[in-house]
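*Asks:* Pasting query.cif below, which is mmCIF, C-alpha atoms.
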data_protein
#
loop_
_atom_site.group_PDB
_atom_site.id
_atom_site.type_symbol
_atom_site.label_atom_id
_atom_site.label_comp_id
_atom_site.auth_asym_id
_atom_site.auth_seq_id
_atom_site.Cartn_x
_atom_site.Cartn_y
_atom_site.Cartn_z
ATOM 1 C CA MET D 1 -3.233 -54.164 -15.248
ATOM 2 C CA CYS D 2 -3.208 -53.690 -18.956
ATOM 3 C CA ILE D 3 -1.638 -50.773 -20.906
ATOM 4 C CA ARG D 4 -5.088 -49.676 -22.043
ATOM 5 C CA ASP D 5 -6.221 -49.253 -18.456
ATOM 6 C CA ARG D 6 -3.212 -47.024 -17.721
ATOM 7 C CA LYS D 7 -3.873 -44.795 -20.754
ATOM 8 C CA LYS D 8 -7.490 -44.050 -19.759
ATOM 9 C CA PRO D 9 -6.624 -41.886 -16.709
ATOM 10 C CA ILE D 10 -3.893 -40.084 -18.649
ATOM 11 C CA LEU D 11 -6.222 -39.384 -21.571
ATOM 12 C CA LEU D 12 -8.937 -38.265 -19.160
ATOM 13 C CA PHE D 13 -6.460 -35.920 -17.448
ATOM 14 C CA TYR D 14 -5.371 -34.370 -20.792
ATOM 15 C CA PHE D 15 -8.986 -33.981 -21.897
ATOM 16 C CA LEU D 16 -9.963 -32.202 -18.662
ATOM 17 C CA THR D 17 -6.891 -29.952 -18.795
ATOM 18 C CA ILE D 18 -7.619 -28.880 -22.373
ATOM 19 C CA SER D 19 -11.291 -28.308 -21.524
ATOM 20 C CA ILE D 20 -10.441 -26.077 -18.563
ATOM 21 C CA LEU D 21 -7.876 -24.044 -20.510
ATOM 22 C CA THR D 22 -10.256 -23.573 -23.432
ATOM 23 C CA SER D 23 -13.131 -22.473 -21.223
ATOM 24 C CA GLN D 24 -10.898 -19.906 -19.468
ATOM 25 C CA ALA D 25 -9.836 -18.465 -22.817
ATOM 26 C CA VAL D 26 -13.476 -18.057 -23.852
ATOM 27 C CA PHE D 27 -14.350 -16.502 -20.485
ATOM 28 C CA SER D 28 -11.444 -14.050 -20.769
ATOM 29 C CA GLN D 29 -12.638 -12.918 -24.182
ATOM 30 C CA SER D 30 -16.138 -12.243 -22.879
ATOM 31 C CA GLU D 31 -14.643 -10.287 -19.962
ATOM 32 C CA LYS D 32 -12.832 -8.022 -22.414
ATOM 33 C CA SER D 33 -16.022 -7.303 -24.346
ATOM 34 C CA ASP D 34 -17.835 -6.695 -21.045
ATOM 35 C CA ASN D 35 -15.116 -4.221 -20.067
ATOM 36 C CA LYS D 36 -15.645 -2.359 -23.343
ATOM 37 C CA LEU D 37 -19.385 -2.195 -22.663
ATOM 38 C CA ILE D 38 -18.752 -1.002 -19.129
ATOM 39 C CA ASN D 39 -16.335 1.659 -20.344
ATOM 40 C CA ASP D 40 -18.892 2.820 -22.930
ATOM 41 C CA LEU D 41 -21.547 3.096 -20.221
ATOM 42 C CA ILE D 42 -19.200 5.020 -17.942
ATOM 43 C CA SER D 43 -18.352 7.508 -20.689
ATOM 44 C CA LYS D 44 -22.066 7.985 -21.477
ATOM 45 C CA LYS D 45 -22.797 8.550 -17.784
ATOM 46 C CA ARG D 46 -20.008 11.120 -17.538
ATOM 47 C CA ALA D 47 -21.339 12.952 -20.593
ATOM 48 C CA PHE D 48 -24.841 12.942 -19.099
ATOM 49 C CA ASN D 49 -23.547 14.215 -15.753
ATOM 50 C CA LYS D 50 -21.586 16.955 -17.456
ATOM 51 C CA GLU D 51 -24.720 18.126 -19.234
ATOM 52 C CA TYR D 52 -27.388 17.701 -16.540
ATOM 53 C CA SER D 53 -25.925 17.183 -13.086
ATOM 54 C CA PHE D 54 -25.233 19.598 -10.267
ATOM 55 C CA GLY D 55 -22.219 21.847 -10.315
ATOM 56 C CA TYR D 56 -21.540 25.513 -10.963
ATOM 57 C CA ARG D 57 -22.018 28.043 -13.733
ATOM 58 C CA ILE D 58 -20.940 31.613 -14.129
ATOM 59 C CA GLN D 59 -23.768 34.106 -14.424
ATOM 60 C CA LEU D 60 -23.000 37.140 -16.564
ATOM 61 C CA TYR D 61 -26.289 38.997 -16.528
ATOM 62 C CA ASN D 62 -29.671 39.147 -14.837
ATOM 63 C CA GLY D 63 -32.287 41.476 -16.315
ATOM 64 C CA PHE D 64 -34.150 42.282 -19.533
ATOM 65 C CA GLU D 65 -34.562 39.930 -22.491
ATOM 66 C CA THR D 66 -33.134 42.190 -25.208
ATOM 67 C CA GLU D 67 -30.057 43.063 -23.176
ATOM 68 C CA SER D 68 -29.467 39.413 -22.288
ATOM 69 C CA LYS D 69 -29.587 38.344 -25.947
ATOM 70 C CA LYS D 70 -27.130 41.098 -26.923
ATOM 71 C CA LEU D 71 -24.764 40.094 -24.140
ATOM 72 C CA ARG D 72 -24.997 36.421 -25.092
ATOM 73 C CA ALA D 73 -24.087 37.212 -28.715
ATOM 74 C CA LYS D 74 -21.115 39.303 -27.548
ATOM 75 C CA PHE D 75 -19.962 36.540 -25.198
ATOM 76 C CA LYS D 76 -20.117 33.937 -27.976
ATOM 77 C CA ILE D 77 -17.775 36.102 -30.029
ATOM 78 C CA ASP D 78 -15.377 36.658 -27.113
ATOM 79 C CA PHE D 79 -15.387 33.055 -25.844
ATOM 80 C CA PRO D 80 -16.730 30.714 -28.579
ATOM 81 C CA GLU D 81 -15.488 27.564 -26.788
ATOM 82 C CA ILE D 82 -17.643 28.142 -23.688
ATOM 83 C CA LYS D 83 -21.270 26.990 -23.841
ATOM 84 C CA THR D 84 -23.889 29.627 -23.012
ATOM 85 C CA PHE D 85 -27.363 29.283 -21.528
ATOM 86 C CA ILE D 86 -30.284 31.698 -21.401
ATOM 87 C CA VAL D 87 -32.446 31.036 -18.357
ATOM 88 C CA TYR D 88 -35.817 32.716 -17.884
ATOM 89 C CA ARG D 89 -37.254 32.895 -14.399
ATOM 90 C CA GLN D 90 -40.099 35.334 -14.353
ATOM 91 C CA PRO D 91 -39.581 38.283 -14.563
ATOM 92 C CA GLU D 92 -35.837 38.107 -15.286
ATOM 93 C CA TRP D 93 -33.566 36.713 -17.977
ATOM 94 C CA LYS D 94 -30.204 35.292 -16.968
ATOM 95 C CA ILE D 95 -27.122 34.571 -19.034
ATOM 96 C CA GLN D 96 -25.137 31.671 -17.601
ATOM 97 C CA VAL D 97 -22.009 30.189 -19.088
ATOM 98 C CA GLY D 98 -19.920 27.054 -18.736
ATOM 99 C CA PHE D 99 -20.351 24.048 -16.521
ATOM 100 C CA TYR D 100 -17.944 23.419 -13.684
ATOM 101 C CA LYS D 101 -18.000 20.408 -11.367
ATOM 102 C CA THR D 102 -16.240 22.171 -8.507
ATOM 103 C CA LYS D 103 -16.278 25.689 -7.103
ATOM 104 C CA LEU D 104 -12.525 25.852 -7.635
ATOM 105 C CA GLU D 105 -12.896 25.242 -11.385
ATOM 106 C CA ALA D 106 -15.605 27.885 -11.587
ATOM 107 C CA ASP D 107 -13.536 30.417 -9.640
ATOM 108 C CA LYS D 108 -10.564 29.900 -11.964
ATOM 109 C CA ALA D 109 -12.761 30.516 -15.005
ATOM 110 C CA LEU D 110 -14.350 33.522 -13.280
ATOM 111 C CA LEU D 111 -10.966 35.211 -12.967
ATOM 112 C CA GLU D 112 -10.564 35.009 -16.743
ATOM 113 C CA LEU D 113 -14.106 36.200 -17.493
ATOM 114 C CA LYS D 114 -13.995 39.097 -15.026
ATOM 115 C CA ARG D 115 -11.547 40.885 -17.335
ATOM 116 C CA LYS D 116 -14.357 41.528 -19.824
ATOM 117 C CA TYR D 117 -17.485 40.906 -17.745
ATOM 118 C CA GLU D 118 -16.986 42.603 -14.382
ATOM 119 C CA SER D 119 -20.414 41.718 -12.970
ATOM 120 C CA ALA D 120 -19.951 37.950 -13.489
ATOM 121 C CA ILE D 121 -20.571 35.717 -10.474
ATOM 122 C CA VAL D 122 -20.340 31.990 -9.729
ATOM 123 C CA ILE D 123 -23.697 30.335 -9.017
ATOM 124 C CA PRO D 124 -24.418 26.794 -7.787
ATOM 125 C CA LEU D 125 -26.734 24.568 -9.830
ATOM 126 C CA GLY D 126 -29.270 22.172 -8.400
ATOM 127 C CA LYS D 127 -31.458 22.197 -5.353
#
As a first step, turn the structure in this file into structure tokens.
*Replies:*
Amino acid sequence: MCIRDRKKPILLFYFLTISILTSQAVFSQSEKSDNKLINDLISKKRAFNKEYSFGYRIQLYNGFETESKKLRAKFKIDFPEIKTFIVYRQPEWKIQVGFYKTKLEADKALLELKRKYESAIVIPLGK
């Protein structure tokens, strides 16, 4: 057997090893970019759920339109960091505030709000 014949399997082995290692490095890089895309999608889904999914709100008022708008303006001054919603279901106007995923979260917030808004109640959202 000649020296050339012995070098062929060794060269073939080195070539295959380098090819495998290079392809894994490329695959790992695409996995990282996929993870970033997945994380972006998850954060968008969480934001969507926070805005539109089921949960709880605190209702401050249920009644006439003018009174509800006055109360909403007062609430925005007292608690500017909490989002407010005016909901109209004929024939009543409702002022609802916040968005809470669990009843426990809503109850904790209710304790704080009850100091200024005694008639506030926790209401479930959804069906």
*Asks:* Go ahead and compute the interatomic distance for atom CA of D:Phe64 and atom CA of D:Trp93, in Å to one decimal.
*Replies:*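 One can read the atom CA of D:Phe64 to atom CA of D:Trp93 distance as 5.8 Å.
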*Asks:* Which residues come within 12 Å of D:Phe79, counting all atoms listed in the file, excluding same-chain residues fewer than 5 positions away, as a ChimeraX atom specification?
*Replies:* /D:71-74,84,97-98,109,112-113,116-117
*Asks:* Any idea what the distance is between atom CA of D:Gly126 and atom CA of D:Lys94?
*Replies:*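 For atom CA of D:Gly126 relative to atom CA of D:Lys94, the distance reads 15.7 Å.
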*Asks:* Kindly give the distance, in Å, that separates atom CA of D:Phe85 and atom CA of D:Asn49, rounded to a single decimal.
*Replies:* 16.6 Å
*Asks:* For D:Leu125, which residue among D:Phe13, D:Tyr100, D:Tyr61, D:Tyr56 is the nearest when counting only C-alpha atoms?
*Replies:*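 Of D:Phe13, D:Tyr100, D:Tyr61, D:Tyr56, the one nearest D:Leu125, counting only C-alpha atoms, is D:Tyr56.
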*Asks:* Decode the PyMOL selection byres ((chain D and resi 106) around 10) for the given file into explicit residues and return them as a list in words.
*Replies:*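 Going through the file, the PyMOL selection byres ((chain D and resi 106) around 10) ends up selecting Gly55, Tyr56, Arg57, Ile58, Gly98, Phe99, Tyr100, Lys101, Thr102, Lys103, Leu104, Glu105, Asp107, Lys108, Ala109, Leu110, Leu111, Ile121, Val122, Ile123 and Pro124 of chain D.
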